[in-house]
Structures are given as structure tokens and as C-alpha cells.
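J.: Can you read through this structure? Questions will come right after.
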Amino acid sequence: MKTFDDYLRETQEIGRVESVLNTVIYLSGLPKAKLSEVVITETGKKGIVQSIDPELVEVILLESDLPVIGERVARTGENMKIQVSQNLLGRVVGPLMNTQDGLGPAMGEKESRPVFNKAPGIQERVKISEQLETGVAIVDYMIPLGKGQRELILGDQKTGRTTFLLQTIYNQAKKGTICIYVGIGKKKSDIKSIEDYLQKTGILGNCVIVFASSADPASLVYLAPYSAFTLAEYFRDLGKDVLIVLDDLTNHAKFYREISLLSKKMPARESYPGDIFHIHAKILERAGRIKYGSGSVSITALPVVETVQGDLTGYLPTNSMAMTDGHIFFDEAEFKKGRRPAVNTSLSVTRVGNQTQNMLEQKIRRALVEKLNLYRKAQELSHFGFDLPLKTRSDLNIGERLEAIFDQETYTVIPKDVALILVGLAFSDYWSSKNIEQVRVERTKLVEAFAKCAFESVVADLQKFEDVEALENYLGANREKIEQILYSRIQNTVV
């Protein structure tokens with residue numbers, strides 16, 4: 001490994017520390033310094049060139065130990081790079097890929113890659129056409145996501161965003177997708193609980209946790225999503241689909257604001273720097289579906305942004321909506337009603353996910369939107385307390401049962417094929433004479449029966465249909481078959 005003296009001999013330039021402002025330092029004497037270039041002090045501290053003035057170079061330090069004024073500094077002539085490897089799977093690492101799980105360093109052959117990489121060009125990209133199943137029924141059918149999509153996750157604190165993200169990671173990791181969870185400015189206890197969940201469910205070996213805690217220097221928190229995307233691109237270039245979760249960009253913006261204010265940049269709205277949109281867009285543009293041999297591979301990004309009292313018009317939420325392919329809004333009002341997940345489907349959008357659905361799924365999505373809208377209108381009428389028409393009572397009945405189907409317990413995953421059966425049964429009035437609790441019990445039994453392959457023949461038949469009416473007619477005509485599986489085979493295989 002090269003030392004300060006080695007770099008000094010190579011570059012023939014020596015600078016000195018002129019001022020120190022927390023993690024931001026200013027250097028003189030480096031006329032050929034370049035943006036994003038790494039510099040090193042004579043005591044071994046490293047930093048990244050952030051901006052260049054006529055007389056001074058601004059650098060953000062990558063460690064908490066600060067240099068002293070007058071300390072010598074040398075250019076390295078190299079942009080910021082990290083060492084990535086397949087052996088990082090199953091590990092908790094920092095933004096510089098140093099392991100943080102107490103299991104020692106990651107062994108094996110490593111590859112050096114630039115952190116601030118360019119996003120793929122338009123000619124390298126292909127149309128998003130394959131659905132990314134989250135295991136959350138209401139999302140998979142009403143707000144579908146595609147592999148390579150950038151879908152924003154919005155919501156207040158404690159509204160179930162992290163639970164949804166872990167459900168998605170679990171469902172995708174089981175299918176072989178490489179999952180990278182990026183904890184940006186989080187507490188160590190939060191990351192530990194996520195690591196324990198991934199370990200308990202047996203999927204940690206297909207995941208990497210990239211973690212920069214709130215106690216780390218602001219520069220490392222700022223670097224975390226860039227490093228995570230570099231790691232994602234490494235796995236993508238090996239021909240593997242990748243899911244990356246950025247939790248969350250609100251913290252990232254706050255730490256970048258700290259760096260910018262120390263650098264005396266002109267603050268804009270909510271004191272954020274004017275280039276915060278560019279910073280986040282540059283990160284998220286690295287996601288997408290690109291050509292790979294005769295096929296394609298993808299990086300799907302799920303960035304998280306926090307709202308305050310459900311306000312979608314805040315600076316960061318509106319910025320993030322403009323640079324992503326849709327958003328899923330976790331509504332505090334829905335959460336307080338007991339809905340899990342607390343997704344507000346009326347205020348959620350997917351711009352490219354709809355094109356990943358087949359004809360039947362698209363018709364089901366439109367039917368669901370129609371029936372849930374009728375249900376909400378019927379709910380408003382029912383508050384007046386007078387007798388409701390038969391049609392309105394039917395709308396209430398179906399809507400209540402659809403809500404019961406879409407309610408998922410914490411960390412429960414419902415495969416898309418099971419959701420197809422559940423929605424079809426609701427449409428065909430299969431549960432019209434049963435109370436909500438019975439619907440929930442039978443839904444749970446259906447999920448368990450599917451895990452035991454008891455519904456394979458039913459699912460195979462459903463794939464033939466191209467419209468909702470045929471689906472309803474089939475399930476209505478096969479009530480006995482469904483009930484036999486529910487009440488006899490389940491007794492033998494599940495209960």
C-alpha cells in the first residue's frame with residue numbers, strides 16, 4: 001500500500017492545511033487537484049476533493065480524526081475507489097467496505113471500482129418488462145413494480161415503511177436477487193435488528209447491509225449510497241439482478257446540508273443546498289435495466305423519504321417524486337385505522353410497473369380500483385344511518401373483504417399467485433356470507449396451502465384466463481374444489 005511519501009514523489013505537489021471546519025478542510029498548494037480526487041495527509045488521513053477555488057481546495061475528510069493546521073498534504077492522482085467482492089454477501093459493511101459485524105475482514109479476491117460512477121447511457125438500457133414481486137398483495141396488484149424501476153417509498157415515521165421493505169427483500173432474496181440494504185445515518189440498534197431479521201429468515205447470505213451510523217462523520221454518511229450503488233453495479237455486471245434499498249434519503253440530505261453549510265454554500269429552501277436535487281438524481285440514475293449479453297440485468301432502487309404529518313408537498317418529497325418512476329405512500333391515517341400495510345392506493349403511483357403485468361392482471365387492477373372506490377363512497381353513505389340500497393350494501397361487502405385480504409401481518413409474505421386466487425374469490429362472492437374474521441382465517445389457510453403445493457392445479461387453470469369475468473366464473477363454479485382444499489387437504493397438510 002502506498003504511503004504519503006510515495007504519492008508525493010509521484011505527483012510532485014505538496015499542499016498544506018489552511019483551515020479545518022469539522023469534516024471540511026481547506027488546502028493550499030495543490031494547483032492540479034481534480035474533483036473527486038483523493039488526497040492524503042502526512043499522518044495518513046484521507047479526504048475527497050469537493051470543490052476547487054483559485055487559491056484553495058475544499059476537501060471532505062473520510063474519518064473523524066482531524067488534521068492540524070499546517071499539516072502537509074499530497075495528491076494521489078486517483079479518484080475515490082472501494083474494494084468490492086462476492087465475499088461481502090452476508091456481511092455488514094461501512095461505506096468504505098470495511099466490515100462492521102465483528103466477524104473479521106472479508107477474504108478472497110477483490111475488485112477496485114470507482115465510487116462516483118456514471119449512470120448507464122440510454123443506448124445501454126432496455127424497456128422494463130419483468131415484474132418485481134414484493135410479496136405484499138396490495139402493491140403487487142395495484143401498484144406493481146418492475147425490475148429496474150426506481151420507486152419512492154414515502155411516509156411518516158412509524159407507518160410501516162421498513163416492514164414493507166423487509167418483506168420485499170425477503171421475497172426477492174428467496175428468488176435469488178442480490179439485496180443491498182443501505183442504512184443512512186441510522187442508529188446501530190436499528191441496523192442490528194435488521195441484521196437479526198435477515199439472519200432469522202435465512203436470507204442474509206444473499207444480502208449485504210451497507211451502514212453509516214449517525215455517529216460517523218458526515219462525509220461517510222454522504223458517501224454511503226454512492227458506495228452501495230458501486231457494489232450493486234459489481235453484482236449487476238456479474239449477471240445478477242439487484243435490489244437496493246436506500247433508507248433513507250432524508251437523512252442523506254440532512255448530512256449533505258451539514259457539509260454544505262460548513263462549506264459556506266448558499267442555502268436554498270429549508271436551508272438545503274441548491275444542488276440537492278442533482279446529488280440525489282445522480283445516485284438514482286444508476287438504477288435501471290441494462291443490456292447483458294443476449295438478455296438484460298437490473299438494479300431496482302427503493303429510496304425512502306420521510307414526510308411530516310403526511311405532507312407530500314415538502315421540499316424533499318416533491319424533489320424525489322420528480323426523479324423517480326412513481327411512489328408508494330404510507331399514510332398515517334390508514335395506519336391508525338389498523339391497516340397493514342398502511343398504503344394509500346389513491347395517492348400512490350407506479351409509472352412503469354403497469355407494463356409488467358399481463359392482460360388479466362391489468363384488468364384485475366382496474367377492477368380493484370373501481371371496487372375500492374365504490375366501497376369508499378358506500379362507506380360515506382353508511383355514516384348517514386339510513387337503509388342502504390342493495391347495490392350499496394354489495395359494494396360495502398366486497399370492499400370490506402378486499403381490505404381483509406390485503407391486510408398482511410408484520411413480515412407475512414403473500415405470493416402473487418395466491419393473491420390472484422384471493423382476489424378472484426372476493427370478486428365471485430365466495431366470502432359474501434362469511435364475516436371478516438372468517439375471511440382472514442381462510443386467507444391464512446390459503447397462503448399455507450399454497451406453500452404445501454395444494455393449490456398448484458388451481459393456479460395453473462387461472463393462468464389461462466384473460467379477463468376478470470372468466471376468472472370469477474371459474475372460481476364460482478369450483479367452490480367445492482376450493483372448499484375441499486381449504487377444509488380437508490389443509491387439515492392433513494397444514495393444520
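By convention in this document, the chains of the C-alpha cells carry letters A, B, ... by their order, each chain's residues are numbered from 1, and ligands are numbered from 1 in the order they are shown.
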Please report as a Markdown table every residue of segment 125-239 of chain A lying within 8 Å of segment 254-272 of chain A, along with the nearest atom pair and their distance in Å (one decimal), using only C-alpha atoms.

T.:
```
| residue | atom | partner | partner_atom | distance |
| --- | --- | --- | --- | --- |
| A:Ala218 | CA | A:Phe255 | CA | 5.5 |
| A:Ser219 | CA | A:Ile259 | CA | 7.5 |
| A:Val221 | CA | A:Phe255 | CA | 6.8 |
| A:Tyr222 | CA | A:Tyr256 | CA | 6.1 |
```

J.: Do a neighbour search on segment 347-350 of chain A at 9 Å with only C-alpha atoms, toss out local chain neighbours closer than 5 positions, and write the hits as an MDAnalysis selection string.

T.: chainID A and resid 142:145 151 325:330

J.: Write out as a list in words each polymer residue whose atoms come within 10 Å of Gly185 of chain A, counting only C-alpha atoms; drop sequence neighbours fewer than 2 positions from it.

T.: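 Neighbouring residues, sequence-local ones excluded: Val182, Gly183, Lys187, Lys188, Phe211, Ala212, Ser213, Ser214, Ala215, Asp216, Pro217, Ala218, Leu220, Val221, Tyr222, Ala224, Asp247, Asp248, Leu249, Thr250, Asn251, His252, Lys254 and Phe255 of chain A.
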
J.: Run DSSP on the backbone and give me the residues of segment 217-427 of chain A it puts in helix (DSSP H, G or I), as a PyMOL selection string.

T.: chain A and resi 218-236+249-262+269-271+276-284+315-323+332-336+345-347+353-356+359-382+390-406+416-427

J.: Write the selection just made, keeping C-alpha atoms, as a short mmCIF file (atom, residue, chain, number, x, y, z; two decimals), in the first residue's frame?

T.:
```
data_model
loop_
_atom_site.label_atom_id
_atom_site.label_comp_id
_atom_site.auth_asym_id
_atom_site.auth_seq_id
_atom_site.Cartn_x
_atom_site.Cartn_y
_atom_site.Cartn_z
CA ALA A 218 -20.98 13.42 7.78
CA SER A 219 -18.71 12.61 4.83
CA LEU A 220 -19.17 8.84 5.35
CA VAL A 221 -22.95 9.19 5.58
CA TYR A 222 -22.84 11.23 2.37
CA LEU A 223 -20.71 8.52 0.72
CA ALA A 224 -22.90 5.53 1.75
CA PRO A 225 -25.42 5.45 -1.15
CA TYR A 226 -22.67 6.00 -3.73
CA SER A 227 -20.64 3.09 -2.34
CA ALA A 228 -23.74 0.87 -2.18
CA PHE A 229 -24.52 1.55 -5.85
CA THR A 230 -20.92 0.72 -6.77
CA LEU A 231 -21.40 -2.63 -5.01
CA ALA A 232 -24.76 -3.12 -6.79
CA GLU A 233 -23.13 -2.44 -10.17
CA TYR A 234 -20.46 -5.04 -9.38
CA PHE A 235 -23.13 -7.74 -8.85
CA ARG A 236 -25.11 -6.48 -11.86
CA LEU A 249 -32.57 9.93 1.62
CA THR A 250 -33.96 12.39 4.16
CA ASN A 251 -31.03 11.63 6.46
CA HIS A 252 -28.66 11.78 3.50
CA ALA A 253 -29.92 15.25 2.60
CA LYS A 254 -29.54 16.45 6.21
CA PHE A 255 -25.91 15.30 6.41
CA TYR A 256 -25.15 16.79 2.99
CA ARG A 257 -26.74 20.03 4.19
CA GLU A 258 -24.34 19.98 7.15
CA ILE A 259 -21.36 19.63 4.80
CA SER A 260 -22.69 22.38 2.51
CA LEU A 261 -23.31 24.85 5.32
CA LEU A 262 -19.81 24.24 6.66
CA ARG A 269 -35.35 26.16 0.56
CA GLU A 270 -35.37 24.65 4.09
CA SER A 271 -31.63 25.51 4.23
CA ILE A 276 -29.51 18.53 -3.55
CA PHE A 277 -31.75 17.56 -6.50
CA HIS A 278 -28.68 16.90 -8.65
CA ILE A 279 -27.00 14.90 -5.86
CA HIS A 280 -29.95 12.51 -5.42
CA ALA A 281 -30.70 12.27 -9.14
CA LYS A 282 -27.08 11.32 -9.82
CA ILE A 283 -27.41 8.46 -7.35
CA LEU A 284 -30.79 7.11 -8.56
CA TYR A 315 -39.14 20.07 -0.50
CA LEU A 316 -37.53 16.61 -0.39
CA PRO A 317 -40.71 14.59 -1.19
CA THR A 318 -41.51 16.70 -4.26
CA ASN A 319 -37.86 16.64 -5.38
CA SER A 320 -37.74 12.86 -5.05
CA MET A 321 -41.07 12.33 -6.83
CA ALA A 322 -39.70 14.23 -9.82
CA MET A 323 -36.68 11.93 -10.23
CA GLU A 332 -50.61 7.65 8.98
CA ALA A 333 -54.43 7.85 8.84
CA GLU A 334 -54.58 4.34 7.31
CA PHE A 335 -52.09 3.10 9.91
CA LYS A 336 -54.27 4.37 12.76
CA THR A 345 -53.55 3.47 -3.04
CA SER A 346 -55.25 6.69 -4.15
CA LEU A 347 -52.09 8.73 -3.55
CA GLY A 353 -44.75 -1.02 -13.31
CA ASN A 354 -48.11 -1.38 -15.08
CA GLN A 355 -46.38 -2.50 -18.29
CA THR A 356 -45.01 -5.57 -16.46
CA MET A 359 -53.71 -8.74 -19.60
CA LEU A 360 -55.55 -10.47 -16.73
CA GLU A 361 -53.54 -8.67 -14.07
CA GLN A 362 -54.17 -5.29 -15.71
CA LYS A 363 -57.92 -5.96 -15.77
CA ILE A 364 -57.83 -7.08 -12.13
CA ARG A 365 -56.00 -3.86 -11.18
CA ARG A 366 -58.65 -1.74 -12.89
CA ALA A 367 -61.44 -3.78 -11.27
CA LEU A 368 -59.81 -3.38 -7.85
CA VAL A 369 -59.56 0.39 -8.26
CA GLU A 370 -63.23 0.54 -9.27
CA LYS A 371 -64.49 -1.68 -6.44
CA LEU A 372 -62.42 0.08 -3.76
CA ASN A 373 -63.62 3.48 -4.98
CA LEU A 374 -67.24 2.26 -4.80
CA TYR A 375 -66.50 0.90 -1.31
CA ARG A 376 -65.24 4.28 -0.09
CA LYS A 377 -68.32 6.03 -1.47
CA ALA A 378 -70.56 3.42 0.18
CA GLN A 379 -68.73 3.99 3.46
CA GLU A 380 -69.53 7.71 3.26
CA LEU A 381 -73.23 6.95 2.65
CA SER A 382 -73.37 4.46 5.52
CA LEU A 390 -78.87 -3.48 -2.23
CA LYS A 391 -76.12 -2.34 -4.65
CA THR A 392 -74.50 -0.13 -1.99
CA ARG A 393 -74.60 -2.96 0.57
CA SER A 394 -72.94 -5.24 -2.01
CA ASP A 395 -70.19 -2.65 -2.59
CA LEU A 396 -69.60 -2.47 1.17
CA ASN A 397 -69.48 -6.24 1.46
CA ILE A 398 -66.91 -6.73 -1.33
CA GLY A 399 -64.82 -3.74 -0.19
CA GLU A 400 -64.60 -4.99 3.40
CA ARG A 401 -63.47 -8.41 2.23
CA LEU A 402 -60.90 -6.96 -0.17
CA GLU A 403 -59.45 -4.91 2.69
CA ALA A 404 -59.32 -8.05 4.85
CA ILE A 405 -57.47 -9.88 2.06
CA PHE A 406 -54.95 -7.07 1.62
CA LYS A 416 -48.71 -13.19 -6.32
CA ASP A 417 -50.43 -16.43 -7.40
CA VAL A 418 -52.12 -16.70 -4.00
CA ALA A 419 -53.24 -13.08 -4.24
CA LEU A 420 -54.81 -13.92 -7.62
CA ILE A 421 -56.93 -16.67 -6.01
CA LEU A 422 -57.87 -14.42 -3.08
CA VAL A 423 -58.98 -11.52 -5.26
CA GLY A 424 -60.86 -13.86 -7.59
CA LEU A 425 -62.73 -15.44 -4.67
CA ALA A 426 -63.72 -11.98 -3.40
CA PHE A 427 -64.97 -10.97 -6.85
#
```

J.: Could you state the separation of atom CA of Tyr26 of chain A and atom CA of Pro95 of chain A in Å, given to one decimal place?

T.: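 For atom CA of Tyr26 of chain A relative to atom CA of Pro95 of chain A, the distance reads 23.1 Å.
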
J.: Write out as a PyMOL selection string all residues of segment 35-85 of chain A that DSSP puts in strand (DSSP E or B) for this structure's backbone.

T.: chain A and resi 37-41+46-52+57-61+72-79+81-84

J.: Taking into account only C-alpha atoms, which residue in the set A:Val136, A:Ile180, A:Leu446, A:Leu246 is nearest to Gln408 of chain A?

T.: A:Val136

J.: Counting only C-alpha atoms, what is within 12 Å of Asp196 of chain A, bar same-chain residues fewer than 4 positions away, as a list in words?

T.: Gly90, Arg91, Val92, Asp101, Leu166, Ser189, Asp190, Ile191, Lys192, Lys200, Thr201, Gly202, Ile203, Leu204 and Ile209 of chain A

J.: For a quick check of understanding, using only C-alpha atoms, which of A:Arg125, A:Lys240, A:Arg161, A:Arg339 has the smallest distance to Lys291 of chain A?

T.: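 Closest to Lys291 of chain A of all the choices is A:Arg125.
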
J.: Can you tell me which residues surround segment 33-39 of chain A at a distance of at most 9 Å, considering only C-alpha atoms, apart from same-chain residues fewer than 2 positions away, and format the answer as a PyMOL selection string?

T.: chain A and resi 30-31+41+45-52+57+59+73-81+116

J.: Excluding same-chain residues fewer than 4 positions from segment 169-173 of chain A, what lies within 7 Å of it counting only C-alpha atoms, as a list in words?

T.: Thr134, Gly135, Leu165, Thr177, Ile178, Cys179, Ile203 and Asn206 of chain A

J.: Suppose we keep N, CA, C and O atoms; can you now write the selection as an mmCIF file, in the first residue's frame?

T.:
```
data_model
loop_
_atom_site.group_PDB
_atom_site.id
_atom_site.type_symbol
_atom_site.label_atom_id
_atom_site.label_comp_id
_atom_site.auth_asym_id
_atom_site.auth_seq_id
_atom_site.Cartn_x
_atom_site.Cartn_y
_atom_site.Cartn_z
ATOM 1 N N THR A 134 -43.130 -8.069 -4.627
ATOM 2 C CA THR A 134 -42.778 -7.642 -3.268
ATOM 3 C C THR A 134 -43.270 -8.618 -2.204
ATOM 4 O O THR A 134 -42.778 -8.605 -1.087
ATOM 5 N N GLY A 135 -44.275 -9.449 -2.549
ATOM 6 C CA GLY A 135 -44.889 -10.310 -1.536
ATOM 7 C C GLY A 135 -45.966 -9.596 -0.746
ATOM 8 O O GLY A 135 -46.574 -10.168 0.161
ATOM 9 N N LEU A 165 -40.304 -2.836 3.330
ATOM 10 C CA LEU A 165 -39.009 -3.025 2.677
ATOM 11 C C LEU A 165 -38.421 -4.390 3.004
ATOM 12 O O LEU A 165 -37.859 -5.064 2.135
ATOM 13 N N THR A 177 -32.415 -12.846 -6.050
ATOM 14 C CA THR A 177 -31.976 -11.469 -6.275
ATOM 15 C C THR A 177 -30.989 -11.052 -5.183
ATOM 16 O O THR A 177 -31.185 -11.364 -4.009
ATOM 17 N N ILE A 178 -29.927 -10.349 -5.557
ATOM 18 C CA ILE A 178 -29.000 -9.789 -4.572
ATOM 19 C C ILE A 178 -29.647 -8.542 -3.968
ATOM 20 O O ILE A 178 -30.044 -7.634 -4.698
ATOM 21 N N CYS A 179 -29.759 -8.501 -2.649
ATOM 22 C CA CYS A 179 -30.427 -7.389 -1.969
ATOM 23 C C CYS A 179 -29.417 -6.603 -1.130
ATOM 24 O O CYS A 179 -28.682 -7.194 -0.333
ATOM 25 N N ILE A 203 -31.973 -15.459 4.871
ATOM 26 C CA ILE A 203 -31.673 -14.816 3.584
ATOM 27 C C ILE A 203 -30.448 -13.904 3.657
ATOM 28 O O ILE A 203 -30.074 -13.296 2.651
ATOM 29 N N ASN A 206 -27.731 -13.823 1.002
ATOM 30 C CA ASN A 206 -27.993 -13.221 -0.301
ATOM 31 C C ASN A 206 -28.117 -11.702 -0.210
ATOM 32 O O ASN A 206 -28.593 -11.067 -1.146
#
```

J.: Residues within 7 Å of Thr307 of chain A, please, as a list in words. Count only C-alpha atoms; anything in the same chain fewer than 6 positions from it doesn't count.

T.: Leu154, Gly155 and Asp156 of chain A

J.: In Å to one decimal, how far is atom CA of Ser296 of chain A from atom CA of Ala137 of chain A?

T.: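 The value is 26.4 Å.
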
J.: Calculate how many Å separate atom CA of Val297 of chain A from atom CA of Ser85 of chain A, rounding to one decimal.

T.: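 Separating atom CA of Val297 of chain A from atom CA of Ser85 of chain A is a distance of 18.5 Å.
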